[in-house]
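**Student:** Here's a structure for you.
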Amino acid sequence: RRREAAAAEEEVDETPQEKKLRLAKQYLEELRQLEEERAEEEEELEPADLIGDRLKEDVLEQKGRLQRLVAKDVRPPDPARIRVLRGHQLPVTCLVISPDDKFIFSASKDGSLIKCKWEVDSGKRLCVVPGGKKGTEERHMGHASHVLCMAISSDGKYLATGDRNKLIMIWDAATCKRLHIFTGHRDAVSGLSFRKGTHQLYSASHDRCVKVWDVAENAYVETLFGHQDVITGLDCLSRECCVTAGGRDGTVRLWKIPEESQLVFSGHQGSIDCIQLINEEHMVSGADDGSLALWGLTKKKPLALARQAHGEQDAQGLQQPYWISAVAALRSSDLVATGSHSGSVKLWKCGEGFRKLEHLLDIPLVGFVNSLKFSAAGDFLVAGIGQEHRLGRWWRIKEAKNSICIIPLKQQTTASSPESPGSS
């Protein structure tokens with residue numbers, strides 16, 4: 001007890017530099033212990049080398065320069081091994097995977113929230129929070145309107161969900177118990193993301209603004225304005241900034257939170273419906289003109305653009321591109337996935353310094369792909385499927401099942417071959 005009190009006192013007297021140094025030492029010690037444990041299991045490398053490699057990776061990841069080249073090894077999954085989890089009555093609109101890859105949380109237009117345990121055999125539902133009737137949110141645990149977005153904190157502690165009725169709900173991810181309701185947006189909440197390594201939450205809405213919240217303190221922090229149309233998606237990583245897709249205003253924006261400034265990017269012709277960061281320097285977005293764009297955060301125009309990425313459909317006698325309704329990136333890698341209602345999820349490789357998008361393969365899936373997420377390890381991809389698009393009811397695909405599909409990603413298991421010329 002006395003030692004704890006002394007440590008607490010010491011902390012009070014610390015200068016910011018001292019605190020940085022102490023936290024760095026603590027981090028290195030944790031790394032050392034972790035790598036020693038690993039080295040004992042592997043008995044191949046010296047712990048010092050492991051720490052060095054791990055630190056190099058961390059630094060590269062922070063700078064957005066770490067690019068794991070995994071796309072070349074991905075093979076088409078066996079359709080028989082794609083698992084389909086049913087449980088939502090209406091279209092699945094959003095999903096997240098817990099940081100340890102063990103659980104999947106999903107939500108739907110029926111207002112319900114489901115936590116299932118991802119096990120090879122079970123796909124067992126651990127927790128179901130049913131949707132309720134409008135106006136019962138205070139008494140009733142769940143949402144009373146379409147849930148449009150969700151996010152999980154990087155320590156797996158908090159889950160946030162946003163709905164068409166302007167509400168953000170904060171949940172204890174372990175128990176699915178509701179902790180808080182955040183109000184303040186004046187229209188549907190369409191994007192949520194926790195800043196990595198913190199409990200700071202960014203939210204985006206059809207009211208065209210971005211809000212910042214402190215979930216641990218149950219507090220609102222600030223509001224940022226800029227988009228000219230509804231915001232349809234939002235993402236962030238460890239830096240104090242986030243990126244948003246601005247629907248029909250045709251822009252993607254990077255918001256620098258402390259400076260309250262923003263950078264504006266343009267390149268799509270249609271409504272930009274989905275966005276995700278690949279690393280701290282690059283992002284990918286999809287639009288209803290069928291285009292998939294790959295961006296560098298220092299250039300105002302896309303580094304690469306795949307037009308009609310999912311091909312064309314015949315709608316009322318007119319040839320129209322299939323909308324891109326979901327994008328996912330395997331963090332700090334060269335692998336990207338896109339979803340539409342074209343009958344397949346597509347995998348893409350970001351080539352040569354993120355200046356190229358190469359189509360890798362198609363995974364057949366019927367329905368609107370409203371959400372896509374890679375597992376942290378990159379060994380599976382989860383798709384949230386609906387008979388309708390997550391934001392509206394323009395079409396209905398009757399043969400589709402409102403479900404979650406878990407797609408195993410087979411990696412080629414040959415001995416690591418030398419890098420082919422031209423890969424970066």
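In the structure tokens, the first chain shown is A, the next is B, and so on; residue numbers restart at 1 for each chain, and ligands run from 1 in the order shown.
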Using DSSP on the backbone coordinates, identify the residues of segment 143-292 of chain A assigned to strand (DSSP E); present them as an NGL selection string.
**Tutor:** :A and (147-152 or 158-163 or 168-172 or 177-182 or 189-194 or 200-205 or 209-214 or 219-225 or 233-235 or 241-245 or 251-256 or 261-266 or 272-277 or 282-287 or 292)
**Student:** Tell me which protein, DNA and RNA residues are within 12 Å of Asp214 of chain A, counting only C-alpha atoms, leaving out same-chain ones fewer than 5 positions away, and put them as a list in words.
**Tutor:**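 These residues fall inside the cut-off: Ser153, Tyr158, Ala160, Ile170, His180, Phe182, Phe194, Arg195, Thr198, His199, Gln200, Leu201, Tyr202, Ser203, Ala219, Tyr220, Val221 and Glu222 of chain A.
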**Student:** Could you write those residues out with all heavy atoms, as a compact mmCIF listing (two decimals), in the first residue's frame?
**Tutor:**
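Produced file part-v7.txt, reproduced below:
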```txt
# COMPACT_ATOMS: atom_id res chain seq x y z
N SER A 153 -13.26 -0.94 -29.09
CA SER A 153 -11.99 -0.33 -28.70
C SER A 153 -10.86 -1.34 -28.86
O SER A 153 -11.08 -2.55 -28.82
CB SER A 153 -12.07 0.19 -27.25
OG SER A 153 -12.38 -0.87 -26.37
N TYR A 158 -14.74 -1.82 -24.79
CA TYR A 158 -15.99 -1.12 -25.11
C TYR A 158 -16.45 -1.41 -26.54
O TYR A 158 -15.64 -1.48 -27.45
CB TYR A 158 -15.82 0.39 -24.98
CG TYR A 158 -15.53 0.88 -23.59
CD1 TYR A 158 -14.29 1.44 -23.28
CD2 TYR A 158 -16.48 0.79 -22.57
CE1 TYR A 158 -14.01 1.91 -22.00
CE2 TYR A 158 -16.21 1.25 -21.29
CZ TYR A 158 -14.97 1.80 -21.00
OH TYR A 158 -14.70 2.26 -19.74
N ALA A 160 -19.25 0.27 -29.32
CA ALA A 160 -20.14 1.42 -29.56
C ALA A 160 -21.02 1.10 -30.76
O ALA A 160 -20.54 0.51 -31.75
CB ALA A 160 -19.30 2.66 -29.84
N ILE A 170 -23.16 2.78 -25.80
CA ILE A 170 -21.87 2.22 -25.40
C ILE A 170 -22.14 0.98 -24.55
O ILE A 170 -22.94 1.02 -23.62
CB ILE A 170 -21.04 3.25 -24.57
CG1 ILE A 170 -20.90 4.57 -25.34
CG2 ILE A 170 -19.68 2.67 -24.19
CD1 ILE A 170 -20.11 4.51 -26.63
N HIS A 180 -23.76 3.44 -21.45
CA HIS A 180 -24.18 4.83 -21.64
C HIS A 180 -24.98 4.97 -22.93
O HIS A 180 -24.87 4.15 -23.83
CB HIS A 180 -22.97 5.79 -21.82
CG HIS A 180 -21.83 5.55 -20.90
ND1 HIS A 180 -21.95 5.65 -19.53
CD2 HIS A 180 -20.53 5.24 -21.15
CE1 HIS A 180 -20.76 5.40 -18.99
NE2 HIS A 180 -19.90 5.13 -19.94
N PHE A 182 -25.16 8.14 -25.73
CA PHE A 182 -24.69 9.47 -26.10
C PHE A 182 -25.70 10.10 -27.05
O PHE A 182 -26.06 9.49 -28.06
CB PHE A 182 -23.32 9.41 -26.80
CG PHE A 182 -22.17 9.05 -25.90
CD1 PHE A 182 -20.98 8.58 -26.43
CD2 PHE A 182 -22.25 9.20 -24.51
CE1 PHE A 182 -19.89 8.25 -25.62
CE2 PHE A 182 -21.18 8.88 -23.69
CZ PHE A 182 -20.00 8.40 -24.24
N PHE A 194 -13.08 3.86 -32.76
CA PHE A 194 -12.28 4.17 -31.58
C PHE A 194 -10.85 4.45 -32.03
O PHE A 194 -10.31 3.71 -32.86
CB PHE A 194 -12.24 2.98 -30.62
CG PHE A 194 -13.42 2.89 -29.70
CD1 PHE A 194 -14.49 2.06 -30.02
CD2 PHE A 194 -13.45 3.61 -28.51
CE1 PHE A 194 -15.58 1.96 -29.17
CE2 PHE A 194 -14.53 3.50 -27.65
CZ PHE A 194 -15.61 2.69 -27.98
N ARG A 195 -10.25 5.49 -31.46
CA ARG A 195 -8.84 5.74 -31.74
C ARG A 195 -8.03 4.64 -31.07
O ARG A 195 -8.23 4.34 -29.89
CB ARG A 195 -8.46 7.12 -31.18
CG ARG A 195 -7.07 7.53 -31.56
CD ARG A 195 -6.79 8.94 -31.09
NE ARG A 195 -5.35 9.11 -30.91
CZ ARG A 195 -4.81 9.87 -29.99
NH1 ARG A 195 -5.56 10.55 -29.16
NH2 ARG A 195 -3.50 9.96 -29.91
N THR A 198 -6.70 3.95 -27.24
CA THR A 198 -7.38 4.90 -26.34
C THR A 198 -8.87 4.52 -26.23
O THR A 198 -9.33 3.61 -26.91
CB THR A 198 -7.34 6.35 -26.88
OG1 THR A 198 -8.27 6.45 -27.98
CG2 THR A 198 -5.95 6.74 -27.36
N HIS A 199 -9.59 5.27 -25.38
CA HIS A 199 -11.05 5.11 -25.32
C HIS A 199 -11.73 6.34 -25.91
O HIS A 199 -12.86 6.67 -25.57
CB HIS A 199 -11.50 4.86 -23.87
CG HIS A 199 -11.03 3.52 -23.35
ND1 HIS A 199 -10.62 3.33 -22.07
CD2 HIS A 199 -10.90 2.31 -23.97
CE1 HIS A 199 -10.24 2.05 -21.91
NE2 HIS A 199 -10.40 1.43 -23.06
N GLN A 200 -11.00 7.03 -26.80
CA GLN A 200 -11.58 8.17 -27.51
C GLN A 200 -12.37 7.64 -28.71
O GLN A 200 -11.87 6.79 -29.45
CB GLN A 200 -10.45 9.10 -27.98
CG GLN A 200 -10.95 10.46 -28.42
CD GLN A 200 -9.78 11.42 -28.68
OE1 GLN A 200 -8.93 11.14 -29.51
NE2 GLN A 200 -9.75 12.52 -27.97
N LEU A 201 -13.60 8.12 -28.86
CA LEU A 201 -14.49 7.63 -29.92
C LEU A 201 -14.82 8.77 -30.87
O LEU A 201 -15.15 9.87 -30.43
CB LEU A 201 -15.78 7.09 -29.29
CG LEU A 201 -16.87 6.59 -30.24
CD1 LEU A 201 -16.47 5.28 -30.92
CD2 LEU A 201 -18.20 6.39 -29.49
N TYR A 202 -14.72 8.51 -32.17
CA TYR A 202 -15.15 9.48 -33.18
C TYR A 202 -16.47 8.99 -33.78
O TYR A 202 -16.60 7.79 -34.06
CB TYR A 202 -14.11 9.61 -34.31
CG TYR A 202 -12.74 10.05 -33.84
CD1 TYR A 202 -11.59 9.35 -34.21
CD2 TYR A 202 -12.59 11.16 -33.01
CE1 TYR A 202 -10.33 9.76 -33.78
CE2 TYR A 202 -11.33 11.57 -32.58
CZ TYR A 202 -10.21 10.86 -32.96
OH TYR A 202 -8.97 11.26 -32.53
N SER A 203 -17.41 9.91 -33.98
CA SER A 203 -18.68 9.52 -34.61
C SER A 203 -18.99 10.46 -35.77
O SER A 203 -18.63 11.64 -35.73
CB SER A 203 -19.82 9.56 -33.58
OG SER A 203 -20.04 10.89 -33.12
N ALA A 219 -18.09 11.25 -21.58
CA ALA A 219 -18.13 12.69 -21.84
C ALA A 219 -18.06 13.02 -23.33
O ALA A 219 -17.37 12.36 -24.10
CB ALA A 219 -16.96 13.36 -21.13
N TYR A 220 -18.77 14.12 -23.70
CA TYR A 220 -18.68 14.69 -25.04
C TYR A 220 -17.47 15.63 -25.07
O TYR A 220 -17.23 16.35 -24.11
CB TYR A 220 -19.97 15.46 -25.34
CG TYR A 220 -19.83 16.53 -26.40
CD1 TYR A 220 -19.76 16.18 -27.75
CD2 TYR A 220 -19.74 17.87 -26.05
CE1 TYR A 220 -19.62 17.15 -28.73
CE2 TYR A 220 -19.59 18.85 -27.02
CZ TYR A 220 -19.52 18.49 -28.36
OH TYR A 220 -19.36 19.45 -29.31
N VAL A 221 -16.70 15.61 -26.16
CA VAL A 221 -15.50 16.47 -26.23
C VAL A 221 -15.69 17.64 -27.19
O VAL A 221 -15.57 18.79 -26.79
CB VAL A 221 -14.25 15.63 -26.63
CG1 VAL A 221 -13.00 16.50 -26.65
CG2 VAL A 221 -14.05 14.46 -25.65
N GLU A 222 -15.96 17.36 -28.48
CA GLU A 222 -16.12 18.48 -29.43
C GLU A 222 -16.82 18.04 -30.70
O GLU A 222 -17.01 16.85 -30.96
CB GLU A 222 -14.75 19.09 -29.78
CG GLU A 222 -13.81 18.12 -30.49
CD GLU A 222 -12.47 18.76 -30.83
OE1 GLU A 222 -12.47 19.83 -31.48
OE2 GLU A 222 -11.43 18.18 -30.47
```
**Student:** Using only C-alpha atoms, which residues sit within 7 Å of Gly290 of chain A once same-chain residues fewer than 3 positions away are excluded, as a compact mmCIF listing (two decimals) with N, CA, C and O atoms, in the first residue's frame?
**Tutor:**
```
# COMPACT_ATOMS: atom_id res chain seq x y z
N ALA A 287 -17.59 3.84 -53.97
CA ALA A 287 -18.71 4.75 -54.27
C ALA A 287 -19.79 4.05 -55.08
O ALA A 287 -19.56 2.96 -55.62
N ARG A 307 -12.29 1.59 -61.85
CA ARG A 307 -13.66 1.96 -62.23
C ARG A 307 -14.49 0.68 -62.42
O ARG A 307 -13.95 -0.34 -62.83
N GLN A 308 -15.78 0.77 -62.15
CA GLN A 308 -16.68 -0.38 -62.29
C GLN A 308 -16.03 -1.64 -61.72
O GLN A 308 -15.95 -2.69 -62.38
N ALA A 309 -15.58 -1.50 -60.48
CA ALA A 309 -14.82 -2.58 -59.83
C ALA A 309 -15.61 -3.89 -59.75
O ALA A 309 -15.02 -4.96 -59.76
N HIS A 310 -16.94 -3.80 -59.66
CA HIS A 310 -17.77 -5.01 -59.59
C HIS A 310 -18.58 -5.23 -60.87
O HIS A 310 -19.55 -5.98 -60.87
N PRO A 321 -23.24 0.74 -63.14
CA PRO A 321 -22.26 -0.03 -62.38
C PRO A 321 -22.85 -0.52 -61.05
O PRO A 321 -23.75 0.13 -60.50
N TYR A 322 -22.39 -1.67 -60.60
CA TYR A 322 -22.77 -2.14 -59.26
C TYR A 322 -22.12 -1.21 -58.23
O TYR A 322 -20.93 -0.91 -58.31
N TRP A 323 -22.91 -0.78 -57.25
CA TRP A 323 -22.39 0.11 -56.20
C TRP A 323 -21.38 -0.63 -55.33
O TRP A 323 -21.57 -1.82 -55.06
N ILE A 324 -20.38 0.07 -54.85
CA ILE A 324 -19.49 -0.51 -53.84
C ILE A 324 -20.11 -0.16 -52.49
O ILE A 324 -20.22 1.01 -52.13
```
**Student:** Env of Leu85 of chain A: 7 Å cut, atoms = only C-alpha atoms, seq-sep filter 6 positions within chain, self excluded. Answer as a PyMOL selection string.
**Tutor:** chain A and resi 123+403-405
**Student:** Atom CA of Leu297 of chain A to atom CA of Glu281 of chain A: how many Å, to one decimal?
**Tutor:**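 Separation of atom CA of Leu297 of chain A and atom CA of Glu281 of chain A: 5.4 Å.
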**Student:** Per residue of segment 369-398 of chain A within 10 Å of segment 256-275 of chain A, note the shortest atom pair and the distance in Å to one decimal, counting only C-alpha atoms, and order the rows by chain and increasing residue number, as CSV.
**Tutor:**
```
residue,atom,partner,partner_atom,distance
A:Asn370,CA,A:Cys274,CA,9.6
A:Ser371,CA,A:Cys274,CA,9.2
A:Leu391,CA,A:Asp273,CA,9.3
```
**Student:** Which of these, A:Cys236, A:Val129, A:Ala173, A:Leu192, has the shortest distance to Cys149 of chain A once you count only C-alpha atoms?
**Tutor:**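 Among the listed residues, A:Leu192 lies closest to Cys149 of chain A.
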**Student:** I need the residue nearest Ser238 of chain A from this list: A:Leu277, A:Arg75, A:Val215, A:Met283. Use only C-alpha atoms for the distance.
**Tutor:** A:Leu277
**Student:** Tell me which of A:Ile51, A:Val345, A:Ala376, A:Leu23 sits closest to Leu361 of chain A, counting only C-alpha atoms.
**Tutor:** A:Val345
**Student:** Name all residues at most 9 Å from Ala107 of chain A (count only C-alpha atoms; drop same-chain ones fewer than 6 positions away) and give them as a list in words.
**Tutor:**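 Using only C-alpha atoms, the neighbours found are His88, Pro91, Val92, Thr93, Cys94, Leu95, Leu113, Ile114, His146, Val147, Leu148, Cys149, Met150, Thr161 and Gly384 of chain A.
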**Student:** Convert the current residue selection to file output with N, CA and C atoms, as a PDB file, in the first residue's frame.
**Tutor:**
```pdb
ATOM      1  N   HIS A  88     -30.217 -12.586 -37.341  1.00  0.00           N
ATOM      2  CA  HIS A  88     -30.910 -11.304 -37.520  1.00  0.00           C
ATOM      3  C   HIS A  88     -32.112 -11.497 -38.443  1.00  0.00           C
ATOM      4  N   PRO A  91     -31.858  -7.179 -42.683  1.00  0.00           N
ATOM      5  CA  PRO A  91     -30.481  -7.108 -43.185  1.00  0.00           C
ATOM      6  C   PRO A  91     -29.439  -6.740 -42.132  1.00  0.00           C
ATOM      7  N   VAL A  92     -28.313  -7.436 -42.174  1.00  0.00           N
ATOM      8  CA  VAL A  92     -27.168  -7.115 -41.311  1.00  0.00           C
ATOM      9  C   VAL A  92     -26.542  -5.842 -41.891  1.00  0.00           C
ATOM     10  N   THR A  93     -26.330  -4.838 -41.054  1.00  0.00           N
ATOM     11  CA  THR A  93     -25.836  -3.545 -41.536  1.00  0.00           C
ATOM     12  C   THR A  93     -24.369  -3.315 -41.187  1.00  0.00           C
ATOM     13  N   CYS A  94     -23.896  -3.893 -40.064  1.00  0.00           N
ATOM     14  CA  CYS A  94     -22.524  -3.614 -39.636  1.00  0.00           C
ATOM     15  C   CYS A  94     -22.034  -4.731 -38.722  1.00  0.00           C
ATOM     16  N   LEU A  95     -20.716  -4.874 -38.660  1.00  0.00           N
ATOM     17  CA  LEU A  95     -20.142  -5.876 -37.751  1.00  0.00           C
ATOM     18  C   LEU A  95     -18.715  -5.479 -37.396  1.00  0.00           C
ATOM     19  N   LEU A 113     -28.681  -6.594 -31.587  1.00  0.00           N
ATOM     20  CA  LEU A 113     -27.223  -6.652 -31.505  1.00  0.00           C
ATOM     21  C   LEU A 113     -26.887  -8.083 -31.086  1.00  0.00           C
ATOM     22  N   ILE A 114     -26.003  -8.739 -31.834  1.00  0.00           N
ATOM     23  CA  ILE A 114     -25.661 -10.132 -31.501  1.00  0.00           C
ATOM     24  C   ILE A 114     -24.159 -10.259 -31.318  1.00  0.00           C
ATOM     25  N   HIS A 146     -32.979   1.194 -36.910  1.00  0.00           N
ATOM     26  CA  HIS A 146     -31.878   0.532 -37.633  1.00  0.00           C
ATOM     27  C   HIS A 146     -30.536   0.902 -37.007  1.00  0.00           C
ATOM     28  N   VAL A 147     -29.710  -0.088 -36.704  1.00  0.00           N
ATOM     29  CA  VAL A 147     -28.331   0.194 -36.292  1.00  0.00           C
ATOM     30  C   VAL A 147     -27.522   0.308 -37.584  1.00  0.00           C
ATOM     31  N   LEU A 148     -26.750   1.385 -37.731  1.00  0.00           N
ATOM     32  CA  LEU A 148     -26.032   1.612 -38.992  1.00  0.00           C
ATOM     33  C   LEU A 148     -24.523   1.393 -38.892  1.00  0.00           C
ATOM     34  N   CYS A 149     -23.981   1.468 -37.666  1.00  0.00           N
ATOM     35  CA  CYS A 149     -22.514   1.373 -37.558  1.00  0.00           C
ATOM     36  C   CYS A 149     -22.125   0.878 -36.169  1.00  0.00           C
ATOM     37  N   MET A 150     -20.917   0.341 -36.066  1.00  0.00           N
ATOM     38  CA  MET A 150     -20.404  -0.090 -34.767  1.00  0.00           C
ATOM     39  C   MET A 150     -18.881  -0.052 -34.755  1.00  0.00           C
ATOM     40  N   THR A 161     -22.305   1.458 -30.694  1.00  0.00           N
ATOM     41  CA  THR A 161     -23.224   1.244 -31.814  1.00  0.00           C
ATOM     42  C   THR A 161     -23.990   2.534 -32.075  1.00  0.00           C
ATOM     43  N   GLY A 384     -21.100  -9.030 -43.635  1.00  0.00           N
ATOM     44  CA  GLY A 384     -22.474  -8.847 -43.151  1.00  0.00           C
ATOM     45  C   GLY A 384     -23.370  -8.717 -44.371  1.00  0.00           C
TER      46      GLY A 384
END
```
**Student:** Which neighbours of Gly111 of chain A fall inside 6 Å, counting only C-alpha atoms, when residues of the same chain fewer than 3 positions from it are skipped, and could you give them as a ChimeraX atom specification?
**Tutor:** /A:108,131,143-147
**Student:** Those same residues - N, CA and C atoms - I'd like them written as a short mmCIF file (atom, residue, chain, number, x, y, z; two decimals), in the first residue's frame.
**Tutor:**
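For reference, out-v3.cif as written:
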```
data_model
loop_
_atom_site.label_atom_id
_atom_site.label_comp_id
_atom_site.auth_asym_id
_atom_site.auth_seq_id
_atom_site.Cartn_x
_atom_site.Cartn_y
_atom_site.Cartn_z
N SER A 108 -28.21 -4.95 -36.97
CA SER A 108 -29.09 -5.09 -38.11
C SER A 108 -30.14 -3.99 -38.16
N GLY A 131 -33.94 -5.74 -30.59
CA GLY A 131 -34.37 -4.36 -30.85
C GLY A 131 -35.72 -4.12 -30.21
N HIS A 143 -31.46 -1.01 -29.26
CA HIS A 143 -31.82 0.09 -30.16
C HIS A 143 -33.27 -0.08 -30.59
N ALA A 144 -33.91 1.06 -30.90
CA ALA A 144 -35.30 0.99 -31.36
C ALA A 144 -35.41 1.46 -32.81
N SER A 145 -34.30 1.45 -33.51
CA SER A 145 -34.31 1.75 -34.95
C SER A 145 -33.11 1.06 -35.58
N HIS A 146 -32.98 1.19 -36.91
CA HIS A 146 -31.88 0.53 -37.63
C HIS A 146 -30.54 0.90 -37.01
N VAL A 147 -29.71 -0.09 -36.70
CA VAL A 147 -28.33 0.19 -36.29
C VAL A 147 -27.52 0.31 -37.58
#
```
**Student:** Restricting the calculation to only C-alpha atoms: of A:Ala306, A:Ile278, A:Val210, A:Val96, which residue gets closest to Leu237 of chain A?
**Tutor:** A:Ile278
**Student:** From the list A:Lys166, A:Lys300, A:Arg390, A:Lys157, which residue is nearest Asp187 of chain A when using only C-alpha atoms?
**Tutor:** A:Lys166
**Student:** Quick one, how far is atom CA of Thr232 of chain A from atom CA of Ser285 of chain A?
**Tutor:** 11.0 Å
